[in-house]
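> What follows is the file query_30.pdb, containing PDB, C-alpha atoms:
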```
ATOM      1  CA  MET A 230      24.685  23.779  -1.374
ATOM      2  CA  THR A 231      23.427  21.332   1.236
ATOM      3  CA  SER A 232      24.708  17.770   1.304
ATOM      4  CA  THR A 233      22.705  14.972  -0.300
ATOM      5  CA  PRO A 234      20.754  12.854   2.217
ATOM      6  CA  LYS A 235      22.318   9.431   2.819
ATOM      7  CA  GLN A 236      19.031   7.523   2.676
ATOM      8  CA  LYS A 237      17.472   6.937  -0.729
ATOM      9  CA  VAL A 238      13.880   6.213  -1.742
ATOM     10  CA  ALA A 239      13.273   5.252  -5.374
ATOM     11  CA  VAL A 240       9.848   5.738  -6.933
ATOM     12  CA  ILE A 241       9.390   3.514  -9.976
ATOM     13  CA  GLY A 242       6.714   4.978 -12.221
ATOM     14  CA  GLY A 243       7.447   8.391 -10.796
ATOM     15  CA  GLY A 244       6.464  10.067 -14.041
ATOM     16  CA  GLY A 245       2.817   9.165 -13.453
ATOM     17  CA  ASN A 246       0.204  10.554 -11.085
ATOM     18  CA  VAL A 247       0.617   7.991  -8.283
ATOM     19  CA  GLY A 248       4.396   8.056  -8.425
ATOM     20  CA  ALA A 249       4.608  11.837  -8.511
ATOM     21  CA  SER A 250       2.107  12.134  -5.656
ATOM     22  CA  THR A 251       4.209   9.683  -3.628
ATOM     23  CA  ALA A 252       7.440  11.566  -4.312
ATOM     24  CA  PHE A 253       5.835  14.907  -3.476
ATOM     25  CA  ALA A 254       4.386  13.492  -0.241
ATOM     26  CA  LEU A 255       7.850  12.278   0.793
ATOM     27  CA  ILE A 256       9.264  15.765   0.291
ATOM     28  CA  ALA A 257       6.276  17.562   1.845
ATOM     29  CA  LYS A 258       6.392  15.336   4.939
ATOM     30  CA  GLY A 259      10.003  16.328   5.509
ATOM     31  CA  VAL A 260      11.443  12.837   5.079
ATOM     32  CA  PRO A 261      15.244  13.288   5.074
ATOM     33  CA  ALA A 262      15.937  11.171   2.004
ATOM     34  CA  GLU A 263      17.048  11.536  -1.575
ATOM     35  CA  VAL A 264      13.959  10.761  -3.659
ATOM     36  CA  LEU A 265      14.812   9.150  -6.999
ATOM     37  CA  ILE A 266      12.259   9.454  -9.803
ATOM     38  CA  VAL A 267      12.434   6.579 -12.308
ATOM     39  CA  ASP A 268      10.185   6.018 -15.294
ATOM     40  CA  LEU A 269      10.330   4.441 -18.749
ATOM     41  CA  SER A 270       9.403   7.903 -19.977
ATOM     42  CA  GLU A 271      12.591   9.736 -19.087
ATOM     43  CA  GLN A 272      11.027  13.045 -20.084
ATOM     44  CA  ALA A 273       8.117  12.544 -17.669
ATOM     45  CA  ALA A 274      10.526  11.498 -14.903
ATOM     46  CA  LEU A 275      12.690  14.558 -15.499
ATOM     47  CA  GLY A 276       9.709  16.904 -15.508
ATOM     48  CA  GLN A 277       8.298  15.519 -12.266
ATOM     49  CA  ALA A 278      11.711  15.535 -10.581
ATOM     50  CA  LEU A 279      12.374  19.148 -11.550
ATOM     51  CA  ASP A 280       8.918  20.233 -10.418
ATOM     52  CA  ILE A 281       9.065  18.369  -7.081
ATOM     53  CA  SER A 282      12.605  19.593  -6.404
ATOM     54  CA  ASP A 283      11.199  23.127  -6.429
ATOM     55  CA  ALA A 284       9.174  22.159  -3.355
ATOM     56  CA  SER A 285      12.204  20.858  -1.457
ATOM     57  CA  PHE A 286      14.110  24.064  -0.729
ATOM     58  CA  THR A 287      12.691  24.329   2.809
ATOM     59  CA  MET A 288      12.789  20.575   3.430
ATOM     60  CA  PRO A 289      15.547  18.092   4.354
ATOM     61  CA  GLY A 290      14.796  15.818   1.396
ATOM     62  CA  THR A 291      15.918  16.206  -2.209
ATOM     63  CA  CYS A 292      14.512  14.924  -5.494
ATOM     64  CA  ARG A 293      16.080  14.034  -8.831
ATOM     65  CA  GLN A 294      15.666  11.779 -11.833
ATOM     66  CA  ALA A 295      17.538   8.471 -11.708
ATOM     67  CA  SER A 296      18.108   5.231 -13.597
ATOM     68  CA  PHE A 297      16.733   1.787 -12.800
ATOM     69  CA  GLN A 298      20.236   0.688 -11.794
ATOM     70  CA  GLU A 299      20.495   3.504  -9.255
ATOM     71  CA  ALA A 300      17.019   2.665  -7.951
ATOM     72  CA  GLY A 301      18.112  -0.915  -7.286
ATOM     73  CA  GLN A 302      20.525   0.419  -4.662
ATOM     74  CA  ALA A 303      17.923   2.486  -2.787
ATOM     75  CA  ASP A 304      16.943   1.773   0.810
ATOM     76  CA  VAL A 305      13.253   1.709  -0.120
ATOM     77  CA  ILE A 306      11.969   0.994  -3.632
ATOM     78  CA  ILE A 307       8.361   2.004  -4.229
ATOM     79  CA  ILE A 308       6.678   0.434  -7.253
ATOM     80  CA  THR A 309       3.833   2.572  -8.588
ATOM     81  CA  ALA A 310       4.116   1.570 -12.240
ATOM     82  CA  GLY A 311       1.381  -0.533 -13.767
ATOM     83  CA  ALA A 312      -1.545  -0.645 -16.131
ATOM     84  CA  ARG A 313      -4.291   1.792 -15.174
ATOM     85  CA  GLN A 314      -7.479   0.382 -13.697
ATOM     86  CA  LYS A 315     -10.482   0.992 -15.928
ATOM     87  CA  PRO A 316     -13.865   2.188 -14.606
ATOM     88  CA  ASN A 317     -15.719  -0.701 -12.897
ATOM     89  CA  GLU A 318     -12.857  -3.093 -13.661
ATOM     90  CA  PRO A 319     -12.174  -5.615 -10.870
ATOM     91  CA  ARG A 320      -8.555  -5.401  -9.689
ATOM     92  CA  SER A 321      -8.073  -9.083 -10.506
ATOM     93  CA  ASN A 322      -8.447  -8.287 -14.221
ATOM     94  CA  LEU A 323      -5.293  -6.204 -14.029
ATOM     95  CA  ILE A 324      -3.048  -9.144 -13.182
ATOM     96  CA  ASP A 325      -2.031 -10.344 -16.639
ATOM     97  CA  ARG A 326      -1.450  -6.782 -17.790
ATOM     98  CA  ASN A 327       0.721  -5.998 -14.790
ATOM     99  CA  TYR A 328       2.669  -9.240 -14.394
ATOM    100  CA  THR A 329       4.934  -8.466 -17.347
ATOM    101  CA  ILE A 330       5.480  -4.930 -16.094
ATOM    102  CA  ILE A 331       6.512  -6.007 -12.573
ATOM    103  CA  LYS A 332       8.855  -8.728 -13.820
ATOM    104  CA  SER A 333      10.486  -6.311 -16.246
ATOM    105  CA  ILE A 334      11.006  -3.770 -13.451
ATOM    106  CA  MET A 335      12.627  -6.345 -11.168
ATOM    107  CA  ASP A 336      14.957  -7.421 -13.976
ATOM    108  CA  SER A 337      15.904  -3.781 -14.629
ATOM    109  CA  LEU A 338      16.652  -3.121 -10.942
ATOM    110  CA  GLN A 339      19.148  -5.965 -10.648
ATOM    111  CA  PRO A 340      21.370  -6.296  -8.778
ATOM    112  CA  ILE A 341      19.075  -5.136  -5.976
ATOM    113  CA  LYS A 342      20.789  -4.136  -2.719
ATOM    114  CA  SER A 343      20.348  -6.989  -0.244
ATOM    115  CA  THR A 344      18.947  -4.697   2.489
ATOM    116  CA  SER A 345      16.456  -2.878   0.246
ATOM    117  CA  LYS A 346      12.770  -2.933   1.053
ATOM    118  CA  ILE A 347      10.289  -3.051  -1.809
ATOM    119  CA  LEU A 348       6.864  -1.448  -1.401
ATOM    120  CA  LEU A 349       4.226  -2.342  -4.003
ATOM    121  CA  ILE A 350       1.460   0.155  -4.724
ATOM    122  CA  SER A 351       0.299  -1.215  -8.086
ATOM    123  CA  ASN A 352      -2.877  -3.297  -8.209
ATOM    124  CA  PRO A 353      -3.905  -5.993  -7.580
ATOM    125  CA  VAL A 354      -1.395  -5.377  -4.809
ATOM    126  CA  ASP A 355      -1.574  -8.717  -2.956
ATOM    127  CA  VAL A 356      -0.755 -10.784  -6.033
ATOM    128  CA  LEU A 357       1.765  -8.302  -7.432
ATOM    129  CA  THR A 358       3.596  -8.232  -4.092
ATOM    130  CA  HIS A 359       3.879 -12.024  -4.317
ATOM    131  CA  ILE A 360       5.201 -11.672  -7.877
ATOM    132  CA  ALA A 361       7.663  -8.945  -6.855
ATOM    133  CA  GLN A 362       9.042 -11.096  -4.054
ATOM    134  CA  THR A 363       9.568 -14.157  -6.246
ATOM    135  CA  THR A 364      11.189 -12.145  -9.043
ATOM    136  CA  SER A 365      13.288  -9.819  -6.867
ATOM    137  CA  GLY A 366      15.085 -12.506  -4.873
ATOM    138  CA  LEU A 367      14.642 -10.570  -1.621
ATOM    139  CA  PRO A 368      13.329 -12.218   1.572
ATOM    140  CA  ARG A 369       9.574 -12.106   2.121
ATOM    141  CA  ALA A 370       9.908  -9.729   5.068
ATOM    142  CA  GLN A 371      11.491  -7.115   2.796
ATOM    143  CA  VAL A 372       8.787  -7.109   0.122
ATOM    144  CA  ILE A 373       5.456  -5.616   1.163
ATOM    145  CA  GLY A 374       2.459  -3.876  -0.357
ATOM    146  CA  SER A 375       0.270  -0.937   0.624
ATOM    147  CA  GLY A 376      -2.597  -3.410   1.133
ATOM    148  CA  THR A 377      -5.675  -2.014   2.861
ATOM    149  CA  TYR A 378      -3.921   0.870   4.596
ATOM    150  CA  LEU A 379      -5.717   3.482   2.505
ATOM    151  CA  ASP A 380      -9.011   1.579   2.815
ATOM    152  CA  SER A 381      -8.568   1.498   6.599
ATOM    153  CA  GLY A 382      -7.991   5.245   6.542
ATOM    154  CA  ARG A 383     -11.207   5.703   4.594
ATOM    155  CA  LEU A 384     -12.972   3.516   7.148
ATOM    156  CA  ARG A 385     -11.654   5.577  10.061
ATOM    157  CA  ASN A 386     -12.720   8.802   8.366
ATOM    158  CA  ALA A 387     -16.232   7.423   7.868
ATOM    159  CA  LEU A 388     -16.433   6.227  11.471
ATOM    160  CA  SER A 389     -15.132   9.587  12.662
ATOM    161  CA  ASP A 390     -17.984  11.317  10.832
ATOM    162  CA  ILE A 391     -20.459   9.032  12.631
ATOM    163  CA  THR A 392     -18.961   9.043  16.138
ATOM    164  CA  GLY A 393     -17.363  12.484  16.315
ATOM    165  CA  VAL A 394     -14.061  10.904  17.443
ATOM    166  CA  SER A 395     -10.749  11.635  15.702
ATOM    167  CA  PRO A 396      -9.814   9.050  13.039
ATOM    168  CA  THR A 397      -6.442   8.560  14.764
ATOM    169  CA  SER A 398      -8.241   7.417  17.931
ATOM    170  CA  ILE A 399     -10.327   4.807  16.106
ATOM    171  CA  HIS A 400      -8.597   1.445  15.773
ATOM    172  CA  ALA A 401     -10.343  -0.429  12.980
ATOM    173  CA  TYR A 402      -9.005  -2.248   9.923
ATOM    174  CA  MET A 403     -10.114  -3.306   6.499
ATOM    175  CA  LEU A 404      -8.595  -6.778   6.118
ATOM    176  CA  GLY A 405      -7.994  -9.589   3.662
ATOM    177  CA  GLU A 406      -7.579  -9.026  -0.048
ATOM    178  CA  HIS A 407      -7.209  -5.425  -1.151
ATOM    179  CA  GLY A 408     -10.127  -5.406  -3.535
ATOM    180  CA  ASP A 409     -13.407  -7.201  -3.993
ATOM    181  CA  ASN A 410     -12.846  -9.634  -1.096
ATOM    182  CA  GLN A 411     -11.758  -7.182   1.576
ATOM    183  CA  PHE A 412     -13.809  -6.910   4.751
ATOM    184  CA  THR A 413     -13.991  -4.899   7.955
ATOM    185  CA  GLY A 414     -12.765  -6.475  11.191
ATOM    186  CA  TRP A 415     -15.665  -5.123  13.223
ATOM    187  CA  SER A 416     -15.264  -7.584  16.093
ATOM    188  CA  SER A 417     -11.673  -6.488  16.780
ATOM    189  CA  ALA A 418     -12.268  -2.739  16.298
ATOM    190  CA  ARG A 419     -11.790  -0.484  19.308
ATOM    191  CA  ILE A 420     -12.438   3.118  20.291
ATOM    192  CA  GLY A 421     -11.206   4.485  23.616
ATOM    193  CA  GLY A 422     -10.270   0.950  24.657
ATOM    194  CA  LEU A 423     -13.857  -0.270  24.249
ATOM    195  CA  PRO A 424     -15.405  -2.350  21.451
ATOM    196  CA  LEU A 425     -16.225  -0.005  18.579
ATOM    197  CA  LEU A 426     -19.682  -1.473  18.088
ATOM    198  CA  ASP A 427     -20.598  -0.532  21.685
ATOM    199  CA  HIS A 428     -20.466   3.149  20.743
ATOM    200  CA  PRO A 429     -24.026   4.544  21.021
ATOM    201  CA  LYS A 430     -23.904   6.240  17.629
ATOM    202  CA  LEU A 431     -23.216   2.910  15.909
ATOM    203  CA  LYS A 432     -26.235   1.179  17.391
ATOM    204  CA  GLY A 433     -28.566   0.093  14.625
ATOM    205  CA  MET A 434     -26.161   1.133  11.830
ATOM    206  CA  ASP A 435     -26.065  -0.934   8.646
ATOM    207  CA  LEU A 436     -22.459  -2.107   8.958
ATOM    208  CA  GLU A 437     -22.412  -3.864   5.607
ATOM    209  CA  SER A 438     -23.358  -0.647   3.822
ATOM    210  CA  ILE A 439     -20.406   1.098   5.495
ATOM    211  CA  ASN A 440     -18.120  -1.762   4.463
ATOM    212  CA  GLN A 441     -19.303  -1.658   0.852
ATOM    213  CA  LYS A 442     -19.016   2.114   0.655
ATOM    214  CA  ILE A 443     -15.390   1.972   1.778
ATOM    215  CA  ALA A 444     -14.528  -1.012  -0.412
ATOM    216  CA  HIS A 445     -15.845   0.693  -3.535
ATOM    217  CA  LYS A 446     -14.801   4.293  -2.945
ATOM    218  CA  ALA A 447     -11.888   3.879  -5.353
ATOM    219  CA  TYR A 448     -14.306   3.006  -8.135
ATOM    220  CA  GLU A 449     -16.232   6.205  -7.431
ATOM    221  CA  ILE A 450     -13.060   8.277  -7.706
ATOM    222  CA  ILE A 451     -11.952   6.496 -10.881
ATOM    223  CA  GLU A 452     -15.354   7.079 -12.455
ATOM    224  CA  ALA A 453     -15.146  10.787 -11.640
ATOM    225  CA  LYS A 454     -11.510  11.619 -12.477
ATOM    226  CA  GLY A 455      -9.859   8.555 -14.033
ATOM    227  CA  SER A 456      -7.559   7.425 -11.231
ATOM    228  CA  THR A 457      -6.710   7.807  -7.550
ATOM    229  CA  TYR A 458      -3.356   9.157  -6.420
ATOM    230  CA  TYR A 459      -3.305  11.713  -3.569
ATOM    231  CA  GLY A 460      -4.494   9.344  -0.826
ATOM    232  CA  ILE A 461      -2.327   6.415  -1.850
ATOM    233  CA  GLY A 462       0.645   8.731  -2.418
ATOM    234  CA  MET A 463       0.474   9.932   1.168
ATOM    235  CA  CYS A 464       0.028   6.377   2.458
ATOM    236  CA  ALA A 465       3.100   5.223   0.527
ATOM    237  CA  ALA A 466       5.163   8.080   1.946
ATOM    238  CA  ILE A 467       4.080   7.253   5.512
ATOM    239  CA  ILE A 468       5.000   3.577   5.068
ATOM    240  CA  ALA A 469       8.361   4.454   3.523
ATOM    241  CA  GLU A 470       9.116   6.834   6.390
ATOM    242  CA  ALA A 471       8.366   4.063   8.910
ATOM    243  CA  LEU A 472      10.748   1.715   7.086
ATOM    244  CA  LEU A 473      13.523   4.316   6.946
ATOM    245  CA  ASN A 474      13.134   5.455  10.563
ATOM    246  CA  ASN A 475      12.673   1.983  12.067
ATOM    247  CA  THR A 476       9.511   3.067  13.878
ATOM    248  CA  SER A 477       7.916  -0.375  14.414
ATOM    249  CA  GLN A 478       4.518   1.163  13.672
ATOM    250  CA  VAL A 479       1.593  -1.133  12.923
ATOM    251  CA  PHE A 480      -0.142  -0.848   9.553
ATOM    252  CA  PRO A 481      -2.628  -3.082   7.710
ATOM    253  CA  LEU A 482      -0.225  -3.998   4.893
ATOM    254  CA  THR A 483       0.177  -6.719   2.337
ATOM    255  CA  HIS A 484       2.824  -9.069   3.678
ATOM    256  CA  TYR A 485       3.407 -12.802   3.814
ATOM    257  CA  VAL A 486       1.287 -14.158   6.659
ATOM    258  CA  GLU A 487       2.809 -17.470   7.740
ATOM    259  CA  GLY A 488      -0.374 -18.763   9.356
ATOM    260  CA  LEU A 489      -2.347 -18.206   6.150
ATOM    261  CA  GLY A 490       0.372 -19.251   3.719
ATOM    262  CA  CYS A 491       0.069 -16.301   1.364
ATOM    263  CA  TYR A 492       0.486 -12.569   0.911
ATOM    264  CA  MET A 493      -2.469 -10.824   2.518
ATOM    265  CA  SER A 494      -3.346  -7.419   3.944
ATOM    266  CA  TRP A 495      -3.034  -7.887   7.682
ATOM    267  CA  PRO A 496      -1.737  -5.780  10.606
ATOM    268  CA  ALA A 497       2.055  -5.831  10.832
ATOM    269  CA  ALA A 498       4.762  -3.825  12.584
ATOM    270  CA  ILE A 499       7.440  -2.584  10.188
ATOM    271  CA  GLY A 500      10.924  -1.163  10.623
ATOM    272  CA  SER A 501      14.311  -0.992   8.958
ATOM    273  CA  SER A 502      14.356  -4.766   8.362
ATOM    274  CA  GLY A 503      10.889  -4.785   6.819
ATOM    275  CA  VAL A 504       8.140  -6.773   8.525
ATOM    276  CA  GLU A 505       9.021  -7.285  12.186
ATOM    277  CA  GLN A 506       5.799  -8.786  13.521
ATOM    278  CA  SER A 507       2.499  -9.993  12.105
ATOM    279  CA  PHE A 508      -0.482  -9.966  14.434
ATOM    280  CA  ASP A 509      -3.148 -12.603  14.965
ATOM    281  CA  VAL A 510      -6.382 -10.640  14.672
ATOM    282  CA  LYS A 511      -9.346 -12.178  16.445
ATOM    283  CA  LEU A 512     -12.342 -12.533  14.127
ATOM    284  CA  ASP A 513     -15.898 -13.682  14.633
ATOM    285  CA  ALA A 514     -17.404 -16.561  12.631
ATOM    286  CA  ALA A 515     -18.733 -14.387   9.796
ATOM    287  CA  GLU A 516     -15.442 -12.522   9.430
ATOM    288  CA  THR A 517     -13.508 -15.792   9.467
ATOM    289  CA  LYS A 518     -15.556 -17.014   6.504
ATOM    290  CA  LYS A 519     -14.790 -13.804   4.624
ATOM    291  CA  LEU A 520     -11.105 -14.267   5.378
ATOM    292  CA  GLU A 521     -11.226 -17.820   4.029
ATOM    293  CA  VAL A 522     -12.777 -16.547   0.801
ATOM    294  CA  ALA A 523     -10.057 -13.916   0.434
ATOM    295  CA  VAL A 524      -7.235 -16.376   1.146
ATOM    296  CA  LYS A 525      -8.607 -18.854  -1.379
ATOM    297  CA  ALA A 526      -8.931 -16.180  -4.056
ATOM    298  CA  ILE A 527      -5.378 -14.912  -3.545
ATOM    299  CA  LYS A 528      -3.836 -18.387  -3.448
ATOM    300  CA  GLU A 529      -5.617 -19.460  -6.622
ATOM    301  CA  VAL A 530      -4.250 -16.490  -8.540
ATOM    302  CA  CYS A 531      -0.746 -16.599  -7.045
ATOM    303  CA  ALA A 532      -0.430 -20.281  -7.993
ATOM    304  CA  LYS A 533      -0.426 -19.173 -11.653
ATOM    305  CA  TYR A 534       2.602 -16.945 -11.108
ATOM    306  CA  ASN A 535       4.973 -19.059  -9.009
TER     307      ASN A 535
END
```
Translate this structure into structure tokens?

Amino acid sequence: MTSTPKQKVAVIGGGGNVGASTAFALIAKGVPAEVLIVDLSEQAALGQALDISDASFTMPGTCRQASFQEAGQADVIIITAGARQKPNEPRSNLIDRNYTIIKSIMDSLQPIKSTSKILLISNPVDVLTHIAQTTSGLPRAQVIGSGTYLDSGRLRNALSDITGVSPTSIHAYMLGEHGDNQFTGWSSARIGGLPLLDHPKLKGMDLESINQKIAHKAYEIIEAKGSTYYGIGMCAAIIAEALLNNTSQVFPLTHYVEGLGCYMSWPAAIGSSGVEQSFDVKLDAAETKKLEVAVKAIKEVCAKYN
């Protein structure tokens, strides 16, 4: 029998679709960690853990069911639990339903290891990341959310279809609030070192229609199949891997942006200590106004949960 990996990643809500997809992605990516599946439904957690462990025999990671107390001692704690978003329901409507859930989880995890990093996936992620930080007792740099990382991936895929350039070579972000007030940072986007909007295939394109299509793709998926989980599961696994391996990679994640005074999805470099750097993205006048709207919306909601 092989030894158990020293690093641990706990997936809270691992009995559900998002949590199970996250745990499976961690194993499938070959992350050398012990993946702990935790859920209020112990039967669902056990079933997912047993199933995912069957996929680990050729991988360095392992997977098993665990308790909330064990999860509190993990190196990375991924929160996927939360009330399900209903078709056409704005993410902001989920807040009251999810506040109690997040606070209960943080209470159950105590005492949380002082070096743990918490990654929020549940929506509305910007506000729930704020709530998780205030209720966990961990420093702001150690509590982050998936933010607009998946949305930015969707954006890059769409731009790749238009330009014929690989998504990994397109540097463009969805920014602001993950949800109804998110926007594309067109003015800062680059491709091959040049401004993205200078690409000949983007001349004359309706940029707002692209932005809206990306911003509302989740609603399309929810309408068709009830929820989204494969894309966000992979994103969560990639972020967790960066935290474990101290890669200092830059992602558009929900983190506390000092200059804005709130949790917001913004480019940040992350490593073993959590957020290492937050970057000052240059915006044009129209984008700045959209950012102001997003900041105001997030602050107004967060003020109710301080």
> Expressed in Å to a single decimal, how great is the separation between CA of Ser456 in chain A and CA of Phe253 in chain A?
17.2 Å
> I want to know what sits within 8 Å of range 307-314 of chain A, based on only C-alpha atoms, with residues of the same chain fewer than 3 positions away left out; could you give that as a list in words?
Val238, Ala239, Val240, Ile241, Gly242, Gly243, Gly245, Val247, Gly248, Glu318, Arg320, Leu323, Arg326, Asn327, Ile330, Ile331, Ile347, Leu348, Leu349, Ile350, Ser351, Asn352, Ser456 and Ala465 of chain A
> Distance CA of Ser365 in chain A-CA of Glu299 in chain A, one decimal place?
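Between CA of Ser365 in chain A and CA of Glu299 in chain A the gap works out to 15.3 Å.
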> Can you spell out as a PyMOL selection string the set of residues that the PyMOL selection byres ((chain A and resi 527) around 9) selects in the structure I just provided?
chain A and resi 355-356+406+491-493+522-526+528-532
> Please expand the PyMOL selection byres ((chain A and resi 261) around 12) into the concrete residues it hits in this file, giving the result as a VMD selection string.
chain A and resid 232 to 238 255 to 260 262 to 264 285 287 to 292 466 469 to 470 473 to 474
> Based on the selection just made, write C-alpha atoms of those residues as a CSV table (one decimal), in the coordinates of the input.

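The resulting file, result.csv, is shown below:
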```
chain,number,residue,atom,x,y,z
A,232,SER,CA,24.7,17.8,1.3
A,233,THR,CA,22.7,15.0,-0.3
A,234,PRO,CA,20.8,12.9,2.2
A,235,LYS,CA,22.3,9.4,2.8
A,236,GLN,CA,19.0,7.5,2.7
A,237,LYS,CA,17.5,6.9,-0.7
A,238,VAL,CA,13.9,6.2,-1.7
A,255,LEU,CA,7.8,12.3,0.8
A,256,ILE,CA,9.3,15.8,0.3
A,257,ALA,CA,6.3,17.6,1.8
A,258,LYS,CA,6.4,15.3,4.9
A,259,GLY,CA,10.0,16.3,5.5
A,260,VAL,CA,11.4,12.8,5.1
A,262,ALA,CA,15.9,11.2,2.0
A,263,GLU,CA,17.0,11.5,-1.6
A,264,VAL,CA,14.0,10.8,-3.7
A,285,SER,CA,12.2,20.9,-1.5
A,287,THR,CA,12.7,24.3,2.8
A,288,MET,CA,12.8,20.6,3.4
A,289,PRO,CA,15.5,18.1,4.4
A,290,GLY,CA,14.8,15.8,1.4
A,291,THR,CA,15.9,16.2,-2.2
A,292,CYS,CA,14.5,14.9,-5.5
A,466,ALA,CA,5.2,8.1,1.9
A,469,ALA,CA,8.4,4.5,3.5
A,470,GLU,CA,9.1,6.8,6.4
A,473,LEU,CA,13.5,4.3,6.9
A,474,ASN,CA,13.1,5.5,10.6
```
> Given 6 Å on each side, where is the centre and what are the edge lengths in Å to one decimal of the axis-aligned box enclosing the listed atoms of range 274-280 of chain A, as JSON?

```
{"center_x": 10.5, "center_y": 15.9, "center_z": -13.0, "size_x": 16.4, "size_y": 20.7, "size_z": 17.1}
```
> Which one is closest to Gly366 in chain A: A:Thr392, A:Ser343, A:Asn317, A:Thr397? Count all atoms listed in the file.
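Ranked by minimum distance to Gly366 in chain A, first place goes to A:Ser343.
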> Which range 313-424 of chain A residues have any atom within 10 Å of an atom of range 480-489 of chain A, and for each, what is the nearest pair of atoms with distance in Å to one decimal, counting all atoms listed in the file, rows sorted by chain and number, as JSON lines?

```
{"residue": "A:Leu348", "atom": "CA", "partner": "A:Thr483", "partner_atom": "CA", "distance": 9.3}
{"residue": "A:Leu349", "atom": "CA", "partner": "A:Thr483", "partner_atom": "CA", "distance": 8.7}
{"residue": "A:Ile350", "atom": "CA", "partner": "A:Thr483", "partner_atom": "CA", "distance": 9.9}
{"residue": "A:Val354", "atom": "CA", "partner": "A:Thr483", "partner_atom": "CA", "distance": 7.4}
{"residue": "A:Asp355", "atom": "CA", "partner": "A:Thr483", "partner_atom": "CA", "distance": 5.9}
{"residue": "A:Val356", "atom": "CA", "partner": "A:Thr483", "partner_atom": "CA", "distance": 9.4}
{"residue": "A:Thr358", "atom": "CA", "partner": "A:Thr483", "partner_atom": "CA", "distance": 7.4}
{"residue": "A:His359", "atom": "CA", "partner": "A:Tyr485", "partner_atom": "CA", "distance": 8.2}
{"residue": "A:Gln362", "atom": "CA", "partner": "A:Tyr485", "partner_atom": "CA", "distance": 9.8}
{"residue": "A:Arg369", "atom": "CA", "partner": "A:Tyr485", "partner_atom": "CA", "distance": 6.4}
{"residue": "A:Ala370", "atom": "CA", "partner": "A:His484", "partner_atom": "CA", "distance": 7.2}
{"residue": "A:Gln371", "atom": "CA", "partner": "A:His484", "partner_atom": "CA", "distance": 8.9}
{"residue": "A:Val372", "atom": "CA", "partner": "A:His484", "partner_atom": "CA", "distance": 7.2}
{"residue": "A:Ile373", "atom": "CA", "partner": "A:His484", "partner_atom": "CA", "distance": 5.0}
{"residue": "A:Gly374", "atom": "CA", "partner": "A:Thr483", "partner_atom": "CA", "distance": 4.5}
{"residue": "A:Ser375", "atom": "CA", "partner": "A:Leu482", "partner_atom": "CA", "distance": 5.3}
{"residue": "A:Gly376", "atom": "CA", "partner": "A:Thr483", "partner_atom": "CA", "distance": 4.5}
{"residue": "A:Thr377", "atom": "CA", "partner": "A:Pro481", "partner_atom": "CA", "distance": 5.8}
{"residue": "A:Tyr378", "atom": "CA", "partner": "A:Pro481", "partner_atom": "CA", "distance": 5.2}
{"residue": "A:Leu379", "atom": "CA", "partner": "A:Pro481", "partner_atom": "CA", "distance": 8.9}
{"residue": "A:Asp380", "atom": "CA", "partner": "A:Pro481", "partner_atom": "CA", "distance": 9.3}
{"residue": "A:Ser381", "atom": "CA", "partner": "A:Pro481", "partner_atom": "CA", "distance": 7.6}
{"residue": "A:Gly382", "atom": "CA", "partner": "A:Pro481", "partner_atom": "CA", "distance": 10.0}
{"residue": "A:Ala401", "atom": "CA", "partner": "A:Pro481", "partner_atom": "CA", "distance": 9.7}
{"residue": "A:Tyr402", "atom": "CA", "partner": "A:Pro481", "partner_atom": "CA", "distance": 6.8}
{"residue": "A:Met403", "atom": "CA", "partner": "A:Pro481", "partner_atom": "CA", "distance": 7.6}
{"residue": "A:Leu404", "atom": "CA", "partner": "A:Pro481", "partner_atom": "CA", "distance": 7.2}
{"residue": "A:Gly405", "atom": "CA", "partner": "A:Thr483", "partner_atom": "CA", "distance": 8.8}
{"residue": "A:Glu406", "atom": "CA", "partner": "A:Thr483", "partner_atom": "CA", "distance": 8.4}
{"residue": "A:His407", "atom": "CA", "partner": "A:Thr483", "partner_atom": "CA", "distance": 8.3}
```
> Would you fill the gaps in range 244-249 of chain A so it has N, CA, C and O atoms, then print it as a PDB file, in the frame of the given file?

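This went into out_24.pdb:
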```pdb
ATOM      1  N   GLY A 244       6.942   9.105 -13.060  1.00  0.00           N
ATOM      2  CA  GLY A 244       6.464  10.067 -14.041  1.00  0.00           C
ATOM      3  C   GLY A 244       4.958  10.158 -14.091  1.00  0.00           C
ATOM      4  O   GLY A 244       4.404  11.089 -14.677  1.00  0.00           O
ATOM      5  N   GLY A 245       4.271   9.187 -13.457  1.00  0.00           N
ATOM      6  CA  GLY A 245       2.817   9.165 -13.453  1.00  0.00           C
ATOM      7  C   GLY A 245       2.225   9.832 -12.232  1.00  0.00           C
ATOM      8  O   GLY A 245       2.936  10.297 -11.338  1.00  0.00           O
ATOM      9  N   ASN A 246       0.894   9.853 -12.171  1.00  0.00           N
ATOM     10  CA  ASN A 246       0.204  10.554 -11.085  1.00  0.00           C
ATOM     11  C   ASN A 246       0.483   9.964  -9.706  1.00  0.00           C
ATOM     12  O   ASN A 246       0.744  10.693  -8.749  1.00  0.00           O
ATOM     13  N   VAL A 247       0.399   8.623  -9.589  1.00  0.00           N
ATOM     14  CA  VAL A 247       0.617   7.991  -8.283  1.00  0.00           C
ATOM     15  C   VAL A 247       2.066   8.163  -7.841  1.00  0.00           C
ATOM     16  O   VAL A 247       2.350   8.516  -6.691  1.00  0.00           O
ATOM     17  N   GLY A 248       2.984   7.925  -8.762  1.00  0.00           N
ATOM     18  CA  GLY A 248       4.396   8.056  -8.425  1.00  0.00           C
ATOM     19  C   GLY A 248       4.776   9.475  -8.045  1.00  0.00           C
ATOM     20  O   GLY A 248       5.480   9.705  -7.058  1.00  0.00           O
ATOM     21  N   ALA A 249       4.301  10.437  -8.806  1.00  0.00           N
ATOM     22  CA  ALA A 249       4.608  11.837  -8.511  1.00  0.00           C
ATOM     23  C   ALA A 249       3.981  12.264  -7.186  1.00  0.00           C
ATOM     24  O   ALA A 249       4.597  13.000  -6.409  1.00  0.00           O
TER      25      ALA A 249
END
```
